[in-house]
Every structure is written in C-alpha cells, then in structure tokens.
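Report on the following structure.
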Amino acid sequence: MTQGVLMLDLKGLHPDSVEIDRLSKPSVGGVILFSRNYQDADQLRQLVADIRSVRPDMLIAVDQEGGRVQRFRGEPFTRLPPMGVLGQLYQSADQLDAVDLARECGWLMASEVRAFDIDLSLAPVLDLDRGLSRAIGDRSFGALPESVTPLANAFIEGMREVGMAATGKHFPGHGGVSADSHTALPRDTRTLEEIETDLRVFKVMIEQGLEAVMPAHVAFAAVDNVPAGFSPYWLQTVLRDQLGFEGVIFSDCLNMAAASISGGFPARAEAALQAGCDMVLVCNNPDGAQEVSDWLELEPREASPRLSRLRAAQAVDLNALMRSERRQACRKRLEALVNEGLWR
C-alpha cells in the first residue's frame with residue numbers, strides 16, 4: 001500500500017541526498033515530475049528507478065495534459081495538442097472522428113508515460129472554457145457539457161487501456177473566473193444553480209468510474225467562502241455524498257497563492273486533509289514541503305486505501321510502443337491538424 005499523504009517534487013534531473021532522505025519519510029507518498037526533471041529517455045528512466053529504489057510503492061505523477069501543460073517534450077514523447085483543439089474538431093467537423101482522436105490521444109499519452117513506470121498523468125481537465133480563465137483556456141475540451149463530456153470520456157477510456165487512472169480537474173469548475181489561482185484567490189460569484197452546468201461533466205465522469213479528482217483553488221462565494229479544495233461542503237457534501245464519488249481527492253498545489261488563505265504550509269495541509277483530500281501536493285517550494293513532512297511526522301495521517309489503487313500495474317514496453325502502428329497513425333493525425341492550421 002502507498003504510504004504517506006504528501007506528494008512533493010524534485011529540483012533536478014536526479015534526486016540529491018536531501019531529497020532521498022525526504023522521500024524515505026513515511027509522511028511522503030507521492031512525487032510529481034516537471035519539465036526540469038526531464039532531459040532524455042535514459043535520464044528519466046534512471047530518475048524513476050532512483051525514486052523506486054527508495055520507495056517502490058511511491059505514486060509518481062506528471063502533468064502531461066497536452067498543449068502548454070506538457071512536462072515531457074521531445075522524443076520519445078509525442079507533442080500533444082491542447083484539448084481545446086479536439087473541442088474545435090467536435091464542433092466544426094466529424095464528431096465521431098473527434099471523439100476517436102480524443103481516445104487515441106489519451107491512449108498515446110498514457111502509453112508513453114507508462115513506458116517509464118510513471119503511474120499517473122494528472123489529466124484530463126474537465127473545466128468548461130467560459131472565455132474567462134487564463135489558467136484554463138484551451139486546456140479545456142470546450143464550453144459546453146454536451147461536447148466536453150464525450151471527448152473527456154473518450155480520452156479517459158484511452159488512458160485506461162494501458163492501466164492509467166484518470167484525474168479530473170478542477171472540481172467543481174475553474175472556468176468561471178478570470179483570476180489565476182497560481183497568483184491570486186479567484187472568487188466565483190455564481191449561485192449553486194449556475195454552477196450546476198460545470199458539475200454536469202464531473203457527474204457523468206464519476207458515474208463512469210472516474211478514479212481521482214483535483215479540486216479548484218477557487219472560492220465560490222455564494223456557496224462557501226473558502227476555496228473548494230479546503231471546503232468540506234464541496235468535497236464531502238457535494239463530491240462524496242451527492243455525486244457518490246469514491247475515488248482519490250488530490251489537493252491542488254499548496255504553494256499556489258490561492259492556498260495561502262489557510263495560513264502556513266502545515267495549516268494548508270491540515271485544512272485540505274480535514275476538508276476531505278486524500279493526498280496534498282506541495283511543489284516548487286522545498287522548504288514548504290519539508291514543513292508539511294515534519295508536521296505529518298508529528299501528526300501522522302493514515303493513507304487511504306484508495307491511493308494504492310492508483311499505482312499502475314500494467315507495463316508498457318517502449319520499444320514495442322515506438323514500433324506500434326497505432327502510435328504512428330495517431331501522430332500522423334496530429335501532424336495533419338498542424339498542417340491544417342488548427343494547432344501550432
């Protein structure tokens with residue numbers, strides 16, 4: 001079983017002695033990788049092996065959504081389009097073809113990530129693009145639940161083909177605010193009835209077995225004054241009780257400006273865990289991650305059995321994948337989108 005409720009990051013291409021020591025702590029249960037952690041295939045394979053040598057049970061994750069949020073770039077990884085491109089195809093061309101391509105993109109992304117023994121890509125984004133959020137934008141499949149739902153569902157089906165669980169972001173919806181939670185606390189003033197449109201996508205994905213959710217660092221002021229990721233109302237009353245979600249709840253990164261409403265790093269972690277998160281993320285702030293780890297050593301939290309279900313057991317052979325006709329076919333379809341001017 002995966003131990004620990006803290007997911008943290010690493011500074012570079014290989015963990016140093018301080019990071020090795022931190023990874024060994026029972027409070028730590030996950031590592032999330034960024035672009036700074038990737039140089040080439042051999043280096044990434046060694047990095048993951050180094051992590052596994054310390055903690056074989058560690059959850060290893062990355063944000064490999066596509067578009068501007070794709071941490072691993074360059075061969076052997078395929079450059080993936082922003083999901084908004086698939087939404088454009090769905091609206092303007094053959095809907096069945098767009099859904100099929102979404103499935104193939106989910107399969108290809110997950111296959112390439114799993115080929116390096118990385119468990120999760122924290123994807124897909126389930127937010128609706130309302131033309132307001134700089135943080136979301138074309139990371140979203142589109143503006144309407146009727147188009148976002150089939151595309152997201154197909155993408156997730158592709159991920160599951162290679163044993164990768166999906167993480168829907170950012171519950172209950174980040175698309176209704178202009179502020180970026182990395183730098184400020186966005187406040188969405190819509191009523192609960194108005195937010196129901198955003199919730200429809202999450203509801204359908206949960207009914208289809210969505211394995212994990214990441215809540216938004218957005219305060220929905222008409223419902224609760226604290227951001228959703230710190231709100232028992234959103235995470236327990238709505239997500240668990242009303243929507244029947246039984247999977248893992250990851251906090252969004254506690255280093256983001258919007259999270260500071262809850263105080264220092266240990267206070268942020270405590271608020272997120274008390275609200276209902278199963279695992280808290282602290283990235284791009286080693287001191288903050290250490291503070292949370294130290295606090296958890298003094299105030300240990302038992303890891304939910306849900307976390308162990310996210311460890312991917314299905315292996316993917318990179319050489320076989322590189323020769324795969326399916327991979328080549330998907331890459332050609334993506335190149336065609338570039339040639340047609342739908343994506344740069």
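Each chain in the structure tokens gets a letter, A, B, ..., in the order shown, and its residues are numbered from 1; ligands are numbered from 1 in order too.
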
Within 10 Å of range 97-105 of chain A, counting only C-alpha atoms, which residues qualify if same-chain residues fewer than 6 places away don't, as a PDB file with C-alpha atoms, in the first residue's frame?
ATOM      1  CA  GLU A  65      -2.192  17.062 -20.490  1.00  0.00           C
ATOM      2  CA  GLY A  66      -1.034  18.319 -23.881  1.00  0.00           C
ATOM      3  CA  THR A  78       4.641  12.960 -28.790  1.00  0.00           C
ATOM      4  CA  LEU A  80       0.073  16.631 -27.937  1.00  0.00           C
ATOM      5  CA  PRO A  81      -2.412  19.356 -28.840  1.00  0.00           C
ATOM      6  CA  MET A  83      -7.623  19.673 -25.655  1.00  0.00           C
ATOM      7  CA  VAL A  85      -8.286  21.670 -30.480  1.00  0.00           C
ATOM      8  CA  LEU A  86     -10.258  18.459 -30.091  1.00  0.00           C
ATOM      9  CA  GLY A  87     -13.200  20.564 -28.992  1.00  0.00           C
ATOM     10  CA  GLN A  88     -12.920  22.651 -32.165  1.00  0.00           C
ATOM     11  CA  LEU A  89     -12.931  19.483 -34.246  1.00  0.00           C
ATOM     12  CA  TYR A  90     -16.010  18.260 -32.429  1.00  0.00           C
ATOM     13  CA  GLN A  91     -17.870  21.492 -33.112  1.00  0.00           C
ATOM     14  CA  SER A 111       1.302   4.695 -23.102  1.00  0.00           C
ATOM     15  CA  PHE A 141     -12.215  20.496 -24.253  1.00  0.00           C
ATOM     16  CA  SER A 147     -19.194  18.405 -26.160  1.00  0.00           C
ATOM     17  CA  PRO A 150     -17.921  12.712 -24.820  1.00  0.00           C
ATOM     18  CA  LEU A 151     -14.404  13.985 -25.541  1.00  0.00           C
ATOM     19  CA  ALA A 152     -13.254  13.689 -21.929  1.00  0.00           C
ATOM     20  CA  ASN A 153     -14.842  10.279 -21.599  1.00  0.00           C
ATOM     21  CA  ALA A 154     -13.047   9.042 -24.722  1.00  0.00           C
ATOM     22  CA  PHE A 155      -9.714  10.469 -23.532  1.00  0.00           C
ATOM     23  CA  ILE A 156     -10.136   8.661 -20.223  1.00  0.00           C
ATOM     24  CA  GLU A 157     -11.047   5.415 -21.989  1.00  0.00           C
ATOM     25  CA  GLY A 158      -7.764   5.652 -23.884  1.00  0.00           C
ATOM     26  CA  MET A 159      -5.831   6.159 -20.644  1.00  0.00           C
ATOM     27  CA  ARG A 160      -7.471   3.139 -19.061  1.00  0.00           C
ATOM     28  CA  GLU A 161      -6.446   0.897 -21.944  1.00  0.00           C
ATOM     29  CA  ARG A 326      -1.351   2.727 -33.693  1.00  0.00           C
ATOM     30  CA  ARG A 327       1.156   5.244 -32.338  1.00  0.00           C
ATOM     31  CA  ALA A 329      -1.254   6.585 -37.025  1.00  0.00           C
ATOM     32  CA  CYS A 330      -2.137   8.903 -34.146  1.00  0.00           C
ATOM     33  CA  ARG A 331       0.974  11.018 -34.700  1.00  0.00           C
ATOM     34  CA  ARG A 333      -3.400  12.583 -37.458  1.00  0.00           C
ATOM     35  CA  LEU A 334      -1.904  15.164 -35.115  1.00  0.00           C
TER      36      LEU A 334
END

Polymer residues at most 7 Å from Asp129 in chain A, only C-alpha atoms, same-chain spacing of 3 or more positions, as a PDB file with N, CA and C atoms, in the first residue's frame:
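Output below, filename part_13.pdb:
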ATOM      1  N   ILE A 136      -7.120  28.298 -17.488  1.00  0.00           N
ATOM      2  CA  ILE A 136      -7.740  27.141 -18.154  1.00  0.00           C
ATOM      3  C   ILE A 136      -7.682  27.308 -19.672  1.00  0.00           C
ATOM      4  N   GLY A 137      -8.471  28.162 -20.232  1.00  0.00           N
ATOM      5  CA  GLY A 137      -8.420  28.400 -21.676  1.00  0.00           C
ATOM      6  C   GLY A 137      -8.497  27.123 -22.480  1.00  0.00           C
ATOM      7  N   SER A 140      -9.113  23.205 -21.690  1.00  0.00           N
ATOM      8  CA  SER A 140     -10.452  22.628 -21.656  1.00  0.00           C
ATOM      9  C   SER A 140     -10.840  22.079 -23.019  1.00  0.00           C
ATOM     10  N   GLY A 142     -13.752  22.406 -24.148  1.00  0.00           N
ATOM     11  CA  GLY A 142     -14.717  23.312 -24.750  1.00  0.00           C
ATOM     12  C   GLY A 142     -15.611  23.984 -23.735  1.00  0.00           C
ATOM     13  N   ALA A 143     -16.637  24.649 -24.244  1.00  0.00           N
ATOM     14  CA  ALA A 143     -17.501  25.482 -23.408  1.00  0.00           C
ATOM     15  C   ALA A 143     -18.772  24.791 -22.960  1.00  0.00           C
ATOM     16  N   GLY A 175     -13.520  27.373 -14.715  1.00  0.00           N
ATOM     17  CA  GLY A 175     -13.674  28.201 -15.907  1.00  0.00           C
ATOM     18  C   GLY A 175     -14.473  29.467 -15.735  1.00  0.00           C
TER      19      GLY A 175
END

What is the CA of Pro82 in chain A to CA of Ala115 in chain A distance in Å? 21.9 Å

Where does DSSP see alpha helix (DSSP H) in range 71-276 of chain A, if you list the residues as a JSON list (two decimals) with C-alpha atoms, in the first residue's frame?
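Below is the file that was written, result_31.json:
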[["chain", "number", "residue", "atom", "x", "y", "z"],
["A", 83, "MET", "CA", -7.62, 19.67, -25.65],
["A", 84, "GLY", "CA", -9.41, 22.73, -27.00],
["A", 85, "VAL", "CA", -8.29, 21.67, -30.48],
["A", 86, "LEU", "CA", -10.26, 18.46, -30.09],
["A", 87, "GLY", "CA", -13.20, 20.56, -28.99],
["A", 88, "GLN", "CA", -12.92, 22.65, -32.17],
["A", 89, "LEU", "CA", -12.93, 19.48, -34.25],
["A", 90, "TYR", "CA", -16.01, 18.26, -32.43],
["A", 91, "GLN", "CA", -17.87, 21.49, -33.11],
["A", 92, "SER", "CA", -16.82, 22.03, -36.72],
["A", 95, "GLN", "CA", -17.96, 14.44, -34.09],
["A", 96, "LEU", "CA", -17.22, 10.72, -34.19],
["A", 97, "ASP", "CA", -13.76, 11.41, -35.62],
["A", 98, "ALA", "CA", -13.06, 13.97, -32.87],
["A", 99, "VAL", "CA", -14.13, 11.52, -30.18],
["A", 100, "ASP", "CA", -11.98, 8.80, -31.73],
["A", 101, "LEU", "CA", -8.96, 11.11, -31.83],
["A", 102, "ALA", "CA", -9.54, 12.04, -28.17],
["A", 103, "ARG", "CA", -9.43, 8.36, -27.30],
["A", 104, "GLU", "CA", -6.22, 7.86, -29.28],
["A", 105, "CYS", "CA", -4.60, 10.89, -27.64],
["A", 106, "GLY", "CA", -5.48, 9.54, -24.20],
["A", 107, "TRP", "CA", -4.05, 6.15, -25.12],
["A", 108, "LEU", "CA", -0.88, 7.60, -26.64],
["A", 109, "MET", "CA", -0.21, 9.98, -23.76],
["A", 110, "ALA", "CA", -0.74, 7.25, -21.17],
["A", 111, "SER", "CA", 1.30, 4.69, -23.10],
["A", 112, "GLU", "CA", 4.32, 6.98, -23.37],
["A", 113, "VAL", "CA", 4.15, 7.95, -19.70],
["A", 114, "ARG", "CA", 3.62, 4.39, -18.51],
["A", 145, "PRO", "CA", -21.01, 19.97, -21.28],
["A", 146, "GLU", "CA", -22.54, 18.32, -24.34],
["A", 147, "SER", "CA", -19.19, 18.40, -26.16],
["A", 148, "VAL", "CA", -16.77, 18.24, -23.23],
["A", 149, "THR", "CA", -18.34, 15.07, -21.81],
["A", 150, "PRO", "CA", -17.92, 12.71, -24.82],
["A", 151, "LEU", "CA", -14.40, 13.98, -25.54],
["A", 152, "ALA", "CA", -13.25, 13.69, -21.93],
["A", 153, "ASN", "CA", -14.84, 10.28, -21.60],
["A", 154, "ALA", "CA", -13.05, 9.04, -24.72],
["A", 155, "PHE", "CA", -9.71, 10.47, -23.53],
["A", 156, "ILE", "CA", -10.14, 8.66, -20.22],
["A", 157, "GLU", "CA", -11.05, 5.41, -21.99],
["A", 158, "GLY", "CA", -7.76, 5.65, -23.88],
["A", 159, "MET", "CA", -5.83, 6.16, -20.64],
["A", 160, "ARG", "CA", -7.47, 3.14, -19.06],
["A", 161, "GLU", "CA", -6.45, 0.90, -21.94],
["A", 192, "LEU", "CA", -25.08, 26.98, -6.90],
["A", 193, "GLU", "CA", -27.75, 26.63, -9.59],
["A", 194, "GLU", "CA", -25.48, 28.37, -12.10],
["A", 195, "ILE", "CA", -22.54, 26.16, -11.15],
["A", 196, "GLU", "CA", -24.64, 23.05, -11.86],
["A", 197, "THR", "CA", -23.67, 23.31, -15.55],
["A", 198, "ASP", "CA", -19.99, 22.82, -14.66],
["A", 199, "LEU", "CA", -20.84, 19.97, -12.31],
["A", 200, "ARG", "CA", -22.58, 18.02, -15.08],
["A", 201, "VAL", "CA", -19.27, 16.95, -16.62],
["A", 202, "PHE", "CA", -17.90, 15.73, -13.29],
["A", 203, "LYS", "CA", -21.17, 13.94, -12.54],
["A", 204, "VAL", "CA", -21.05, 11.94, -15.77],
["A", 205, "MET", "CA", -17.36, 11.08, -15.38],
["A", 206, "ILE", "CA", -17.97, 9.93, -11.80],
["A", 207, "GLU", "CA", -20.80, 7.73, -13.00],
["A", 232, "PRO", "CA", -15.93, 20.16, 3.48],
["A", 265, "PHE", "CA", 2.10, 25.20, 4.85],
["A", 266, "PRO", "CA", 1.19, 22.85, 7.72],
["A", 267, "ALA", "CA", -2.07, 24.77, 8.22],
["A", 268, "ARG", "CA", -2.84, 24.48, 4.49],
["A", 269, "ALA", "CA", -2.19, 20.75, 4.55],
["A", 270, "GLU", "CA", -4.32, 20.28, 7.64],
["A", 271, "ALA", "CA", -7.20, 22.28, 6.15],
["A", 272, "ALA", "CA", -7.10, 20.28, 2.91],
["A", 273, "LEU", "CA", -6.97, 16.93, 4.70],
["A", 274, "GLN", "CA", -9.72, 17.93, 7.12],
["A", 275, "ALA", "CA", -11.89, 19.02, 4.19]]

Range 7-178 of chain A: which residues are strand (DSSP E) by DSSP, as an mmCIF file with N, CA and C atoms, in the first residue's frame?
data_model
loop_
_atom_site.group_PDB
_atom_site.id
_atom_site.type_symbol
_atom_site.label_atom_id
_atom_site.label_comp_id
_atom_site.auth_asym_id
_atom_site.auth_seq_id
_atom_site.Cartn_x
_atom_site.Cartn_y
_atom_site.Cartn_z
ATOM 1 N N MET A 7 2.487 14.582 -1.495
ATOM 2 C CA MET A 7 3.147 14.462 -2.791
ATOM 3 C C MET A 7 3.999 15.709 -2.979
ATOM 4 N N LEU A 8 5.271 15.500 -3.299
ATOM 5 C CA LEU A 8 6.185 16.621 -3.478
ATOM 6 C C LEU A 8 6.939 16.497 -4.797
ATOM 7 N N VAL A 28 5.593 10.858 3.226
ATOM 8 C CA VAL A 28 5.597 11.102 1.781
ATOM 9 C C VAL A 28 5.059 9.874 1.055
ATOM 10 N N GLY A 29 4.128 10.120 0.143
ATOM 11 C CA GLY A 29 3.545 9.020 -0.617
ATOM 12 C C GLY A 29 3.566 9.223 -2.107
ATOM 13 N N GLY A 30 4.021 10.404 -2.562
ATOM 14 C CA GLY A 30 3.992 10.667 -3.992
ATOM 15 C C GLY A 30 5.039 11.671 -4.425
ATOM 16 N N VAL A 31 5.396 11.602 -5.702
ATOM 17 C CA VAL A 31 6.303 12.547 -6.342
ATOM 18 C C VAL A 31 5.659 13.008 -7.639
ATOM 19 N N ILE A 32 5.688 14.306 -7.895
ATOM 20 C CA ILE A 32 5.217 14.825 -9.175
ATOM 21 C C ILE A 32 6.406 15.409 -9.926
ATOM 22 N N LEU A 33 6.531 15.063 -11.207
ATOM 23 C CA LEU A 33 7.658 15.473 -12.026
ATOM 24 C C LEU A 33 7.287 16.659 -12.911
ATOM 25 N N LEU A 59 3.760 6.721 -5.427
ATOM 26 C CA LEU A 59 2.984 7.189 -6.576
ATOM 27 C C LEU A 59 3.816 8.237 -7.313
ATOM 28 N N ILE A 60 4.032 8.030 -8.602
ATOM 29 C CA ILE A 60 4.793 9.001 -9.394
ATOM 30 C C ILE A 60 3.846 9.574 -10.448
ATOM 31 N N ALA A 61 3.794 10.908 -10.509
ATOM 32 C CA ALA A 61 2.823 11.588 -11.363
ATOM 33 C C ALA A 61 3.511 12.670 -12.186
ATOM 34 N N VAL A 62 2.786 13.149 -13.181
ATOM 35 C CA VAL A 62 3.235 14.242 -14.037
ATOM 36 C C VAL A 62 1.996 14.909 -14.610
ATOM 37 N N GLN A 64 0.829 15.795 -17.907
ATOM 38 C CA GLN A 64 1.106 15.580 -19.332
ATOM 39 C C GLN A 64 -0.212 15.698 -20.092
ATOM 40 N N GLU A 65 -0.866 16.850 -19.903
ATOM 41 C CA GLU A 65 -2.192 17.062 -20.490
ATOM 42 C C GLU A 65 -2.127 17.195 -22.013
ATOM 43 N N GLY A 66 -1.099 17.881 -22.490
ATOM 44 C CA GLY A 66 -1.034 18.319 -23.881
ATOM 45 C C GLY A 66 -1.066 19.837 -23.940
ATOM 46 N N VAL A 69 0.515 22.579 -21.171
ATOM 47 C CA VAL A 69 0.787 21.816 -19.952
ATOM 48 C C VAL A 69 1.206 20.402 -20.349
ATOM 49 N N GLN A 70 2.433 20.292 -20.811
ATOM 50 C CA GLN A 70 3.035 19.007 -21.154
ATOM 51 C C GLN A 70 4.483 19.065 -20.693
ATOM 52 N N LEU A 120 0.830 8.071 -13.152
ATOM 53 C CA LEU A 120 -0.279 8.971 -13.440
ATOM 54 C C LEU A 120 0.139 10.178 -14.265
ATOM 55 N N SER A 121 -0.684 10.555 -15.207
ATOM 56 C CA SER A 121 -0.716 11.927 -15.671
ATOM 57 C C SER A 121 -1.972 12.539 -15.073
ATOM 58 N N THR A 167 -7.503 11.637 -13.582
ATOM 59 C CA THR A 167 -7.722 12.637 -12.534
ATOM 60 C C THR A 167 -8.434 13.825 -13.155
ATOM 61 N N GLY A 168 -9.692 14.017 -12.805
ATOM 62 C CA GLY A 168 -10.469 15.124 -13.353
ATOM 63 C C GLY A 168 -10.169 16.420 -12.617
ATOM 64 N N LYS A 169 -9.862 17.467 -13.375
ATOM 65 C CA LYS A 169 -9.522 18.782 -12.807
ATOM 66 C C LYS A 169 -10.464 19.834 -13.403
ATOM 67 N N HIS A 170 -10.853 20.892 -12.662
ATOM 68 C CA HIS A 170 -10.589 21.217 -11.276
ATOM 69 C C HIS A 170 -11.949 21.414 -10.615
ATOM 70 N N PHE A 171 -12.386 20.443 -9.868
ATOM 71 C CA PHE A 171 -13.720 20.391 -9.289
ATOM 72 C C PHE A 171 -13.983 21.604 -8.384
#

Near Ile261 in chain A, within 9 Å and counting only C-alpha atoms, which residues show up once chain neighbours fewer than 4 positions away are dropped, as a VMD selection string? chain A and resid 185 226 to 227 257 268

Contacts of Pro26 in chain A at 7 Å or less, counting only C-alpha atoms, minus same-chain residues fewer than 2 places along, as a PyMOL selection string? chain A and resi 3-4+24+28

With only C-alpha atoms counted and 9 Å as the cut-off, give the residues of range 139-256 of chain A in contact with range 314-317 of chain A, each with its shortest interatomic distance in Å and the pair that gives it, as JSON lines.
{"residue": "A:Val162", "atom": "CA", "partner": "A:Gln314", "partner_atom": "CA", "distance": 6.4}
{"residue": "A:Gly163", "atom": "CA", "partner": "A:Gln314", "partner_atom": "CA", "distance": 5.6}
{"residue": "A:Met164", "atom": "CA", "partner": "A:Gln314", "partner_atom": "CA", "distance": 8.3}

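Residue nearest Arg134 in chain A within the list A:Trp295, A:Pro56, A:Ile118, A:Arg68: A:Arg68 [criterion: smallest interatomic distance, only C-alpha atoms].
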